>>> print(open('model_39.txt').read())   # compact mmCIF, C-alpha atoms
# COMPACT_ATOMS: atom_id res chain seq x y z
CA MET N 177 -40.57 -10.35 -166.82
CA THR N 178 -39.78 -10.41 -170.54
CA ASP N 179 -41.89 -11.76 -173.39
CA GLU N 180 -39.91 -14.96 -173.09
CA GLN N 181 -41.69 -17.39 -170.81
CA ALA N 182 -39.77 -17.63 -167.52
CA GLN N 183 -39.20 -21.12 -166.25
CA THR N 184 -36.58 -23.02 -164.29
CA PRO N 185 -34.92 -25.64 -166.53
CA GLN N 186 -33.53 -28.90 -165.26
CA ARG N 187 -30.05 -27.67 -166.07
CA PHE N 188 -28.36 -24.94 -168.03
CA ARG N 189 -29.24 -24.93 -171.70
CA GLU N 190 -25.70 -23.89 -172.55
CA ALA N 191 -22.97 -26.51 -172.40
CA PRO N 192 -19.82 -25.65 -170.47
CA PRO N 193 -17.68 -23.25 -172.53
CA GLN N 194 -15.55 -24.90 -175.21
CA ARG N 195 -12.60 -22.98 -173.86
CA PHE N 196 -12.74 -24.86 -170.55
CA ARG N 197 -9.18 -26.07 -170.60
CA GLU N 198 -8.78 -27.70 -167.25
CA ALA N 199 -11.37 -30.05 -165.75
CA PRO N 200 -11.92 -29.67 -162.01
CA PRO N 201 -10.09 -32.41 -160.10
CA GLN N 202 -12.39 -35.21 -158.99
CA ARG N 203 -11.58 -34.83 -155.32
CA PHE N 204 -8.53 -32.60 -154.92
CA ARG N 205 -8.14 -32.04 -151.23
CA GLU N 206 -6.68 -28.74 -150.18
CA ALA N 207 -5.35 -28.84 -146.64
CA PRO N 208 -6.48 -26.10 -144.25
CA PRO N 209 -3.85 -23.41 -143.64
CA GLN N 210 -1.05 -24.54 -141.36
CA GLY N 211 -2.05 -24.36 -137.73
CA PHE N 212 -5.81 -23.97 -138.15
CA ARG N 213 -6.63 -27.39 -136.70
CA GLU N 214 -4.72 -27.11 -133.43
CA ALA N 215 -2.90 -23.90 -132.53
CA PRO N 216 -4.13 -20.49 -133.69
CA PRO N 217 -2.08 -19.10 -136.59
CA GLN N 218 0.54 -16.43 -135.90
CA GLY N 219 -1.17 -13.13 -135.15
CA PHE N 220 -4.58 -14.56 -134.18
CA ARG N 221 -5.96 -12.86 -131.11
CA GLU N 222 -7.74 -16.01 -129.96
CA ALA N 223 -8.07 -19.64 -130.96
CA PRO N 224 -10.56 -20.18 -133.82
CA PRO N 225 -13.88 -21.69 -132.69
CA GLN N 226 -14.71 -25.30 -133.45
CA TRP N 227 -17.18 -24.48 -136.24
CA PHE N 228 -14.50 -22.46 -138.07
CA ARG N 229 -11.88 -25.21 -137.78
CA GLU N 230 -14.39 -27.78 -139.03
CA ALA N 231 -15.38 -25.61 -141.99
CA LEU N 232 -11.81 -25.14 -143.14
CA ALA N 233 -11.13 -28.87 -142.74
CA VAL N 234 -13.79 -29.78 -145.34
CA PRO N 235 -12.19 -30.98 -148.62
CA VAL N 236 -12.24 -28.33 -151.35
CA GLU N 237 -11.82 -28.76 -155.08
CA THR N 238 -10.32 -26.18 -157.40
CA GLY N 239 -10.93 -25.56 -161.09
CA VAL N 240 -10.59 -23.04 -163.88
CA VAL N 241 -12.70 -22.17 -166.89
CA GLU N 242 -11.81 -19.74 -169.66
CA VAL N 243 -14.49 -17.11 -170.23
CA GLU N 244 -14.07 -14.70 -173.11
CA GLY N 245 -10.32 -15.11 -173.11
CA VAL N 246 -9.69 -14.89 -169.35
CA ASP N 247 -9.11 -17.69 -166.83
CA ILE N 248 -11.75 -17.73 -164.09
CA ARG N 249 -10.78 -19.71 -160.98
CA PHE N 250 -13.24 -21.35 -158.63
CA ARG N 251 -13.39 -23.49 -155.51
CA ALA N 252 -16.06 -26.11 -154.73
CA TRP N 253 -17.35 -28.05 -151.74
CA GLY N 254 -19.80 -30.96 -151.62
CA GLU N 255 -20.45 -33.82 -154.00
CA PRO N 256 -20.97 -33.11 -157.73
CA ALA N 257 -24.39 -33.65 -159.32
CA ARG N 258 -26.22 -32.01 -156.42
CA PRO N 259 -28.33 -28.83 -156.52
CA GLY N 260 -25.96 -25.92 -156.70
CA LEU N 261 -25.15 -22.72 -154.84
CA VAL N 262 -22.78 -20.22 -156.46
CA LEU N 263 -21.25 -17.72 -154.02
CA VAL N 264 -20.33 -14.36 -155.57
CA HIS N 265 -17.95 -12.08 -153.66
CA GLY N 266 -17.99 -8.29 -153.52
CA GLY N 267 -15.73 -5.70 -155.10
CA ALA N 268 -11.98 -6.06 -154.37
CA ALA N 269 -12.74 -9.35 -152.55
CA HIS N 270 -12.26 -12.97 -153.66
CA SER N 271 -13.53 -16.52 -153.24
CA HIS N 272 -11.77 -17.09 -149.90
CA TRP N 273 -14.25 -14.72 -148.26
CA TRP N 274 -16.59 -17.73 -148.41
CA ASP N 275 -14.20 -20.39 -147.05
CA HIS N 276 -15.99 -20.54 -143.69
CA ILE N 277 -19.47 -20.27 -145.27
CA GLY N 278 -19.43 -22.65 -148.25
CA PRO N 279 -18.57 -25.84 -146.33
CA GLN N 280 -21.49 -25.27 -143.94
CA LEU N 281 -23.89 -25.36 -146.90
CA ALA N 282 -22.35 -28.38 -148.62
CA ASP N 283 -24.11 -31.27 -146.85
CA ASP N 284 -26.83 -31.37 -149.51
CA HIS N 285 -25.57 -28.92 -152.14
CA ARG N 286 -22.69 -28.50 -154.54
CA VAL N 287 -21.31 -25.14 -153.37
CA VAL N 288 -19.04 -23.13 -155.64
CA ALA N 289 -17.21 -19.84 -154.97
CA LEU N 290 -15.49 -18.08 -157.85
CA ASP N 291 -12.98 -15.30 -158.30
CA LEU N 292 -14.53 -12.82 -160.71
CA SER N 293 -12.12 -11.48 -163.34
CA GLY N 294 -9.87 -8.83 -161.85
CA HIS N 295 -10.14 -10.46 -158.42
CA GLY N 296 -8.33 -13.17 -156.48
CA ASP N 297 -6.49 -15.68 -158.67
CA SER N 298 -8.53 -15.09 -161.83
CA GLY N 299 -7.13 -13.20 -164.80
CA ALA N 300 -7.53 -9.50 -165.53
CA ARG N 301 -9.34 -7.71 -168.35
CA GLU N 302 -8.86 -4.35 -170.02
CA ARG N 303 -12.33 -3.34 -168.82
CA TYR N 304 -15.03 -4.82 -166.61
CA SER N 305 -18.84 -4.85 -166.53
CA LEU N 306 -21.64 -6.33 -164.46
CA ASP N 307 -23.07 -8.26 -167.40
CA GLN N 308 -19.67 -9.77 -168.24
CA TRP N 309 -19.18 -10.85 -164.64
CA SER N 310 -22.66 -12.42 -164.75
CA ARG N 311 -21.53 -14.48 -167.75
CA GLU N 312 -18.53 -15.65 -165.75
CA VAL N 313 -20.86 -16.79 -162.97
CA LYS N 314 -22.96 -18.68 -165.50
CA ALA N 315 -19.90 -20.36 -167.03
CA VAL N 316 -18.57 -21.46 -163.65
CA ALA N 317 -21.96 -22.88 -162.66
CA ALA N 318 -22.08 -24.87 -165.90
CA ALA N 319 -18.53 -26.20 -165.51
CA SER N 320 -18.33 -27.02 -161.81
CA GLY N 321 -20.51 -30.10 -161.42
CA ILE N 322 -23.79 -28.49 -160.37
CA ASP N 323 -26.98 -30.41 -161.12
CA GLY N 324 -29.80 -28.30 -162.52
CA ALA N 325 -30.45 -24.60 -162.15
CA PRO N 326 -28.29 -23.02 -159.42
CA VAL N 327 -29.05 -20.49 -156.72
CA LEU N 328 -26.73 -17.48 -156.70
CA VAL N 329 -25.72 -15.89 -153.39
CA GLY N 330 -24.10 -12.50 -153.89
CA HIS N 331 -22.61 -10.05 -151.40
CA SER N 332 -22.33 -6.30 -152.07
CA MET N 333 -21.08 -5.94 -155.68
CA GLY N 334 -21.61 -9.69 -156.03
CA GLY N 335 -25.28 -9.05 -155.30
CA LEU N 336 -25.38 -6.61 -158.21
CA VAL N 337 -23.80 -9.25 -160.45
CA SER N 338 -26.36 -11.80 -159.24
CA PHE N 339 -29.26 -9.42 -159.81
CA VAL N 340 -28.05 -8.70 -163.36
CA ALA N 341 -27.89 -12.46 -163.89
CA ALA N 342 -31.48 -12.74 -162.62
CA HIS N 343 -32.45 -10.12 -165.21
CA LEU N 344 -30.51 -11.55 -168.16
CA TYR N 345 -31.03 -15.30 -167.65
CA GLY N 346 -33.31 -15.67 -164.66
CA ASP N 347 -35.16 -18.53 -166.35
CA GLU N 348 -31.95 -20.57 -165.93
CA LEU N 349 -31.64 -19.88 -162.20
CA ALA N 350 -33.42 -21.40 -159.21
CA GLY N 351 -33.14 -18.07 -157.41
CA VAL N 352 -30.80 -15.34 -156.17
CA GLN N 353 -30.02 -14.37 -152.59
CA ILE N 354 -28.57 -10.88 -152.20
CA ILE N 355 -26.64 -9.62 -149.17
CA ASP N 356 -26.76 -5.86 -148.44
CA SER N 357 -26.29 -4.76 -152.06
CA PRO N 358 -27.44 -1.31 -153.31
CA ILE N 359 -29.59 -2.27 -156.30
CA ARG N 360 -29.51 1.02 -158.17
CA GLU N 361 -27.49 2.88 -160.77
CA ARG N 362 -24.52 4.97 -159.67
CA THR N 363 -24.68 8.73 -159.38
CA PRO N 364 -22.29 10.83 -161.56
CA GLU N 365 -20.29 11.64 -158.43
CA GLU N 366 -19.91 7.95 -157.61
CA GLU N 367 -18.84 7.21 -161.18
CA ALA N 368 -16.16 9.91 -161.02
CA ALA N 369 -14.82 8.64 -157.69
CA ARG N 370 -14.67 5.09 -159.00
CA VAL N 371 -12.78 6.11 -162.14
CA LYS N 372 -10.28 8.01 -160.00
CA ALA N 373 -9.74 4.93 -157.82
CA ALA N 374 -9.32 2.73 -160.90
CA PHE N 375 -6.40 4.72 -162.24
CA GLY N 376 -4.60 5.36 -158.98
CA PRO N 377 -1.32 3.57 -158.20
CA LYS N 378 -1.60 0.07 -156.79
CA LYS N 379 -0.24 -0.08 -153.26
CA VAL N 380 2.81 -2.29 -152.78
CA TYR N 381 4.14 -3.07 -149.30
CA PRO N 382 7.76 -4.11 -148.72
CA THR N 383 6.84 -6.97 -146.39
CA ARG N 384 3.87 -9.26 -145.93
CA GLU N 385 3.65 -8.27 -142.28
CA GLU N 386 3.34 -4.59 -143.15
CA ALA N 387 0.61 -5.34 -145.67
CA LEU N 388 -1.36 -7.40 -143.17
CA ALA N 389 -1.09 -4.61 -140.63
CA ARG N 390 -2.73 -2.25 -143.14
CA PHE N 391 -5.61 -4.56 -144.04
CA ARG N 392 -9.00 -2.85 -143.76
CA PHE N 393 -12.53 -3.61 -144.90
CA VAL N 394 -14.22 -1.20 -147.32
CA PRO N 395 -16.64 0.16 -146.31
CA PRO N 396 -15.01 0.25 -142.84
CA GLN N 397 -16.18 -2.38 -140.38
CA GLU N 398 -14.58 -2.98 -137.00
CA ALA N 399 -16.88 -5.80 -135.88
CA ALA N 400 -15.56 -9.14 -137.10
CA VAL N 401 -14.97 -12.68 -135.91
CA PRO N 402 -11.19 -12.47 -135.37
CA CYS N 403 -10.24 -15.73 -137.12
CA VAL N 404 -12.42 -14.87 -140.11
CA ARG N 405 -10.82 -11.46 -140.46
CA GLU N 406 -7.31 -12.92 -140.22
CA HIS N 407 -8.06 -15.67 -142.73
CA ILE N 408 -9.41 -13.19 -145.28
CA ALA N 409 -6.44 -10.87 -144.79
CA GLU N 410 -3.96 -13.73 -145.22
CA THR N 411 -5.60 -14.92 -148.44
CA SER N 412 -5.90 -11.42 -149.93
CA LEU N 413 -2.19 -10.92 -150.62
CA ALA N 414 0.05 -11.82 -153.55
CA ALA N 415 3.79 -11.44 -154.00
CA VAL N 416 4.54 -8.79 -156.65
CA GLU N 417 7.59 -6.92 -157.85
CA GLY N 418 8.83 -4.85 -154.94
CA GLY N 419 6.92 -6.66 -152.21
CA TRP N 420 3.28 -7.57 -151.54
CA SER N 421 -0.03 -6.24 -152.80
CA TRP N 422 -3.74 -7.02 -152.72
CA LYS N 423 -5.23 -9.54 -155.14
CA PHE N 424 -7.44 -7.28 -157.24
CA ASP N 425 -7.07 -5.11 -160.33
CA PRO N 426 -7.83 -1.45 -159.48
CA ALA N 427 -9.31 -1.04 -162.98
CA MET N 428 -12.34 -3.03 -161.83
CA PHE N 429 -13.51 0.04 -159.87
CA ALA N 430 -14.37 1.68 -163.21
CA ARG N 431 -16.66 -1.19 -164.22
CA SER N 432 -19.68 -0.39 -166.34
CA GLY N 433 -23.21 -1.50 -165.61
CA SER N 434 -25.20 1.46 -164.33
CA ASP N 435 -27.30 1.39 -167.49
CA ILE N 436 -28.42 -2.19 -166.96
CA MET N 437 -28.92 -1.63 -163.22
CA ALA N 438 -31.36 1.16 -164.07
CA VAL N 439 -33.72 -1.26 -165.86
CA ALA N 440 -32.96 -4.72 -164.41
CA GLN N 441 -35.89 -6.73 -163.03
CA ALA N 442 -35.69 -10.17 -161.44
CA ARG N 443 -36.91 -13.11 -163.52
CA CYS N 444 -36.47 -15.72 -160.79
CA PRO N 445 -37.15 -15.94 -157.03
CA VAL N 446 -35.29 -13.34 -154.96
CA ALA N 447 -34.31 -13.15 -151.30
CA TYR N 448 -32.70 -10.04 -149.85
CA PHE N 449 -30.70 -9.92 -146.60
CA ARG N 450 -30.33 -6.40 -145.27
CA ALA N 451 -27.61 -5.91 -142.66
CA GLN N 452 -28.90 -4.01 -139.64
CA ARG N 453 -25.73 -1.90 -139.53
CA GLY N 454 -25.09 -2.05 -143.26
CA ILE N 455 -25.19 0.48 -146.10
CA ILE N 456 -28.85 0.28 -147.16
CA SER N 457 -31.03 3.19 -146.03
CA ASP N 458 -34.75 2.82 -145.39
CA GLU N 459 -35.44 4.99 -148.44
CA LEU N 460 -33.31 2.86 -150.76
CA MET N 461 -34.81 -0.34 -149.34
CA GLU N 462 -38.31 0.83 -150.23
CA LYS N 463 -37.20 1.74 -153.75
CA MET N 464 -35.58 -1.66 -154.28
CA ARG N 465 -38.42 -3.87 -153.06
CA PRO N 466 -40.68 -3.65 -156.16
CA ARG N 467 -37.81 -4.80 -158.37
CA PHE N 468 -37.57 -8.10 -156.51
CA GLY N 469 -41.12 -9.23 -157.25
CA ALA N 470 -44.16 -9.69 -155.03
CA SER N 471 -43.00 -13.09 -153.74
CA ALA N 472 -39.54 -11.91 -152.67
CA ILE N 473 -38.28 -12.75 -149.19
CA VAL N 474 -36.84 -9.61 -147.57
CA THR N 475 -35.36 -9.80 -144.08
CA GLU N 476 -32.78 -8.15 -141.85
CA ILE N 477 -29.85 -9.82 -140.10
CA PRO N 478 -29.63 -8.36 -136.58
CA ASP N 479 -26.42 -6.69 -135.41
CA ALA N 480 -24.77 -7.31 -138.79
CA GLY N 481 -22.49 -4.94 -140.63
CA HIS N 482 -22.27 -4.69 -144.41
CA HIS N 483 -19.74 -7.54 -144.51
CA THR N 484 -22.19 -9.95 -142.92
CA MET N 485 -20.10 -13.08 -143.42
CA ILE N 486 -17.39 -11.40 -141.32
CA ASP N 487 -19.32 -10.46 -138.18
CA GLN N 488 -22.44 -12.66 -138.32
CA PRO N 489 -21.39 -15.75 -140.33
CA LEU N 490 -23.58 -18.27 -138.51
CA ALA N 491 -26.66 -16.07 -138.79
CA LEU N 492 -25.96 -15.70 -142.52
CA VAL N 493 -25.65 -19.47 -142.99
CA THR N 494 -28.93 -19.95 -141.12
CA GLY N 495 -30.62 -17.33 -143.30
CA ILE N 496 -29.41 -18.90 -146.54
CA ARG N 497 -30.62 -22.32 -145.41
CA ALA N 498 -33.99 -20.94 -144.32
CA VAL N 499 -34.57 -19.33 -147.72
CA LEU N 500 -33.63 -22.54 -149.53
CA ALA N 501 -36.12 -24.45 -147.37
CA ALA N 502 -38.87 -21.88 -147.98
CA TRP N 503 -38.34 -22.01 -151.73
CA ALA N 504 -38.37 -25.81 -151.69
CA ALA N 505 -41.69 -25.81 -149.81
CA THR N 506 -43.41 -23.17 -151.96
CA PRO N 507 -43.90 -23.39 -155.74
CA SER N 508 -42.19 -20.49 -157.48
CA ALA N 509 -44.32 -17.80 -159.07
CA PHE N 510 -41.85 -17.94 -161.95
CA ALA N 511 -42.46 -21.64 -162.67
CA ASP N 512 -45.18 -23.05 -164.88
>>> encode(input="model_39.txt", output="structure tokens")
Amino acid sequence: MTDEQAQTPQRFREAPPQRFREAPPQRFREAPPQGFREAPPQGFREAPPQWFREALAVPVETGVVEVEGVDIRFRAWGEPARPGLVLVHGGAAHSHWWDHIGPQLADDHRVVALDLSGHGDSGARERYSLDQWSREVKAVAAASGIDGAPVLVGHSMGGLVSFVAAHLYGDELAGVQIIDSPIRERTPEEEAARVKAAFGPKKVYPTREEALARFRFVPPQEAAVPCVREHIAETSLAAVEGGWSWKFDPAMFARSGSDIMAVAQARCPVAYFRAQRGIISDELMEKMRPRFGASAIVTEIPDAGHHTMIDQPLALVTGIRAVLAAWAATPSAFAD
């Protein structure tokens, strides 16, 4: 907590950024990828299950907001003027990682997934930081039709961004839900490895098929719902000079933020989902717990890898809903 009194406002105190150039369409419907409703797309090992087809058939809106000189793209499900969920992807990922998750949460929420700068279809920056990404999340929440203070749901690096947001402007959030994120500062060795990755050559593949054949999750994860894996791979590519490449800026690996991660404390309700087969050790879990606050909900998703929305998507949706229900039934320790 800071000296400033923490409370959950009815809506963001800040108006949507003045630089918001393009209002989100009122009900722009984006059709599911060709073939998802009937036959499995080319390369699918099996037909997508009914829940997946229904999720991708839900109408989705798209929008863009300019944040500190860079266009930030987002996608939204559910009616405007509802309580909001903002889904924050991990490093080198993008908003389409949530395409099968967001629609399942949109019956009573306005659900928004953004592409952080340097990722997906958003613009690139000369340098990146956790606090800057947290400002992008805040700007998208303010511009996307959410009513009141939103809940952030962040995976991996997106969980770090969400936790920094909980530290910097937690009094403007209804809570953060974090999925298998290492809430700690980087070691010098990790910093050096990240900088090396940031300045390495970007891989370009001569054909789309060759690129898709090389798609891998990082950290490695073999377990995945086949149609989810294929959908994410298909939406991760962009045509570039000389062929096809992945939709992220390698410079984002050198992002700053270890200093703020060393001191960040949550100023809003926190829920933490640890993946049973994820990247969080017992030792790190015990070190992280005090930073979430005494009222934090900490649980483990059984048989889940680090990329929980890939191998246990329905369990993750159930967990997110359960936390929202628990918070709704219990007054927050951060409220007056």
>>> closest_residue(input="model_39.txt", among="N:Ala231, N:Ala430, N:Ala342, N:Ala409", to="Tyr304 in chain N", atoms="only C-alpha atoms")
N:Ala430
>>> closest_atom_pairs(input="model_39.txt", of="range 286-366 of chain N", to="range 246-258 of chain N", cutoff="12 Å", atoms="all atoms listed in the file", output="CSV")
residue,atom,partner,partner_atom,distance
N:Arg286,CA,N:Gly254,CA,4.8
N:Val287,CA,N:Trp253,CA,5.2
N:Val288,CA,N:Ala252,CA,4.3
N:Ala289,CA,N:Arg251,CA,5.3
N:Leu290,CA,N:Phe250,CA,4.0
N:Asp291,CA,N:Arg249,CA,5.6
N:Leu292,CA,N:Ile248,CA,6.6
N:Ser293,CA,N:Ile248,CA,6.3
N:Gly294,CA,N:Ile248,CA,9.4
N:His295,CA,N:Ile248,CA,9.4
N:Gly296,CA,N:Arg249,CA,8.3
N:Asp297,CA,N:Arg249,CA,6.3
N:Ser298,CA,N:Ile248,CA,4.7
N:Gly299,CA,N:Asp247,CA,5.3
N:Ala300,CA,N:Val246,CA,7.0
N:Arg301,CA,N:Val246,CA,7.3
N:Glu302,CA,N:Val246,CA,10.6
N:Arg303,CA,N:Val246,CA,11.9
N:Tyr304,CA,N:Val246,CA,11.7
N:Gln308,CA,N:Val246,CA,11.3
N:Trp309,CA,N:Ile248,CA,10.1
N:Arg311,CA,N:Ile248,CA,10.9
N:Glu312,CA,N:Ile248,CA,7.3
N:Val313,CA,N:Ile248,CA,9.2
N:Lys314,CA,N:Ile248,CA,11.3
N:Ala315,CA,N:Ile248,CA,9.1
N:Val316,CA,N:Phe250,CA,7.3
N:Ala317,CA,N:Phe250,CA,9.7
N:Ala318,CA,N:Ala257,CA,11.2
N:Ala319,CA,N:Phe250,CA,9.9
N:Ser320,CA,N:Ala252,CA,7.5
N:Gly321,CA,N:Pro256,CA,4.8
N:Ile322,CA,N:Ala257,CA,5.3
N:Asp323,CA,N:Ala257,CA,4.5
N:Gly324,CA,N:Arg258,CA,8.0
N:Ala325,CA,N:Arg258,CA,10.3
N:Pro326,CA,N:Arg258,CA,9.7
N:Val327,CA,N:Arg258,CA,11.9
>>> write_last_selection(input="model_39.txt", atoms="C-alpha atoms", output="tab-separated table (two decimals), in the frame of the given file")
chain	number	residue	atom	x	y	z
N	286	ARG	CA	-22.69	-28.50	-154.54
N	287	VAL	CA	-21.31	-25.14	-153.37
N	288	VAL	CA	-19.04	-23.13	-155.64
N	289	ALA	CA	-17.21	-19.84	-154.97
N	290	LEU	CA	-15.49	-18.08	-157.85
N	291	ASP	CA	-12.98	-15.30	-158.30
N	292	LEU	CA	-14.53	-12.82	-160.71
N	293	SER	CA	-12.12	-11.48	-163.34
N	294	GLY	CA	-9.87	-8.83	-161.85
N	295	HIS	CA	-10.14	-10.46	-158.42
N	296	GLY	CA	-8.33	-13.17	-156.48
N	297	ASP	CA	-6.49	-15.68	-158.67
N	298	SER	CA	-8.53	-15.09	-161.83
N	299	GLY	CA	-7.13	-13.20	-164.80
N	300	ALA	CA	-7.53	-9.50	-165.53
N	301	ARG	CA	-9.34	-7.71	-168.35
N	302	GLU	CA	-8.86	-4.35	-170.02
N	303	ARG	CA	-12.33	-3.34	-168.82
N	304	TYR	CA	-15.03	-4.82	-166.61
N	308	GLN	CA	-19.67	-9.77	-168.24
N	309	TRP	CA	-19.18	-10.85	-164.64
N	311	ARG	CA	-21.53	-14.48	-167.75
N	312	GLU	CA	-18.53	-15.65	-165.75
N	313	VAL	CA	-20.86	-16.79	-162.97
N	314	LYS	CA	-22.96	-18.68	-165.50
N	315	ALA	CA	-19.90	-20.36	-167.03
N	316	VAL	CA	-18.57	-21.46	-163.65
N	317	ALA	CA	-21.96	-22.88	-162.66
N	318	ALA	CA	-22.08	-24.87	-165.90
N	319	ALA	CA	-18.53	-26.20	-165.51
N	320	SER	CA	-18.33	-27.02	-161.81
N	321	GLY	CA	-20.51	-30.10	-161.42
N	322	ILE	CA	-23.79	-28.49	-160.37
N	323	ASP	CA	-26.98	-30.41	-161.12
N	324	GLY	CA	-29.80	-28.30	-162.52
N	325	ALA	CA	-30.45	-24.60	-162.15
N	326	PRO	CA	-28.29	-23.02	-159.42
N	327	VAL	CA	-29.05	-20.49	-156.72
>>> closest_residue(input="model_39.txt", among="N:His270, N:Arg467, N:His276, N:Arg229", to="Ala447 in chain N", atoms="only C-alpha atoms")
N:Arg467
>>> residues_around(input="model_39.txt", residues="Glu410 in chain N", least_positions_apart="4", cutoff="9 Å", atoms="all atoms listed in the file", output="ChimeraX atom specification")
/N:388,405-406
>>> atom_distance(input="model_39.txt", atom1="CA of Ser432 in chain N", atom2="CA of Ser305 in chain N")
4.5 Å
>>> residues_near_point(input="model_39.txt", point="(-36.8, -9.7, -162.4)", cutoff="6 Å", atoms="all atoms listed in the file", output="list in words")
Met177, His343, Gln441, Ala442 and Arg443 of chain N
>>> closest_residue(input="model_39.txt", among="N:Val337, N:His483, N:Glu476, N:Leu263", to="Asp458 in chain N", atoms="only C-alpha atoms")
N:Glu476
>>> residues_around(input="model_39.txt", residues="Ile486 in chain N", least_positions_apart="2", cutoff="8 Å", atoms="only C-alpha atoms", output="PyMOL selection string")
chain N and resi 399-401+404-405+483-484+488-489
>>> closest_atom_pairs(input="model_39.txt", of="range 265-384 of chain N", to="range 493-505 of chain N", cutoff="12 Å", atoms="all atoms listed in the file", output="Markdown table")
| residue | atom | partner | partner_atom | distance |
| --- | --- | --- | --- | --- |
| N:Trp274 | CA | N:Val493 | CA | 10.7 |
| N:His276 | CA | N:Val493 | CA | 9.7 |
| N:Ile277 | CA | N:Val493 | CA | 6.6 |
| N:Gly278 | CA | N:Val493 | CA | 8.7 |
| N:Pro279 | CA | N:Val493 | CA | 10.1 |
| N:Gln280 | CA | N:Val493 | CA | 7.2 |
| N:Leu281 | CA | N:Val493 | CA | 7.3 |
| N:Ala282 | CA | N:Arg497 | CA | 10.7 |
| N:Asp283 | CA | N:Arg497 | CA | 11.2 |
| N:Asp284 | CA | N:Arg497 | CA | 10.6 |
| N:His285 | CA | N:Leu500 | CA | 10.6 |
| N:Pro326 | CA | N:Leu500 | CA | 11.2 |
| N:Val327 | CA | N:Leu500 | CA | 8.8 |
| N:Leu328 | CA | N:Ile496 | CA | 10.6 |
| N:Val329 | CA | N:Ile496 | CA | 8.3 |
| N:Gly330 | CA | N:Ile496 | CA | 11.1 |
| N:Ala350 | CA | N:Trp503 | CA | 9.0 |
| N:Gly351 | CA | N:Trp503 | CA | 8.7 |
| N:Val352 | CA | N:Val499 | CA | 10.1 |
| N:Gln353 | CA | N:Ile496 | CA | 7.6 |
| N:Ile354 | CA | N:Ile496 | CA | 9.9 |
| N:Ile355 | CA | N:Ile496 | CA | 10.0 |
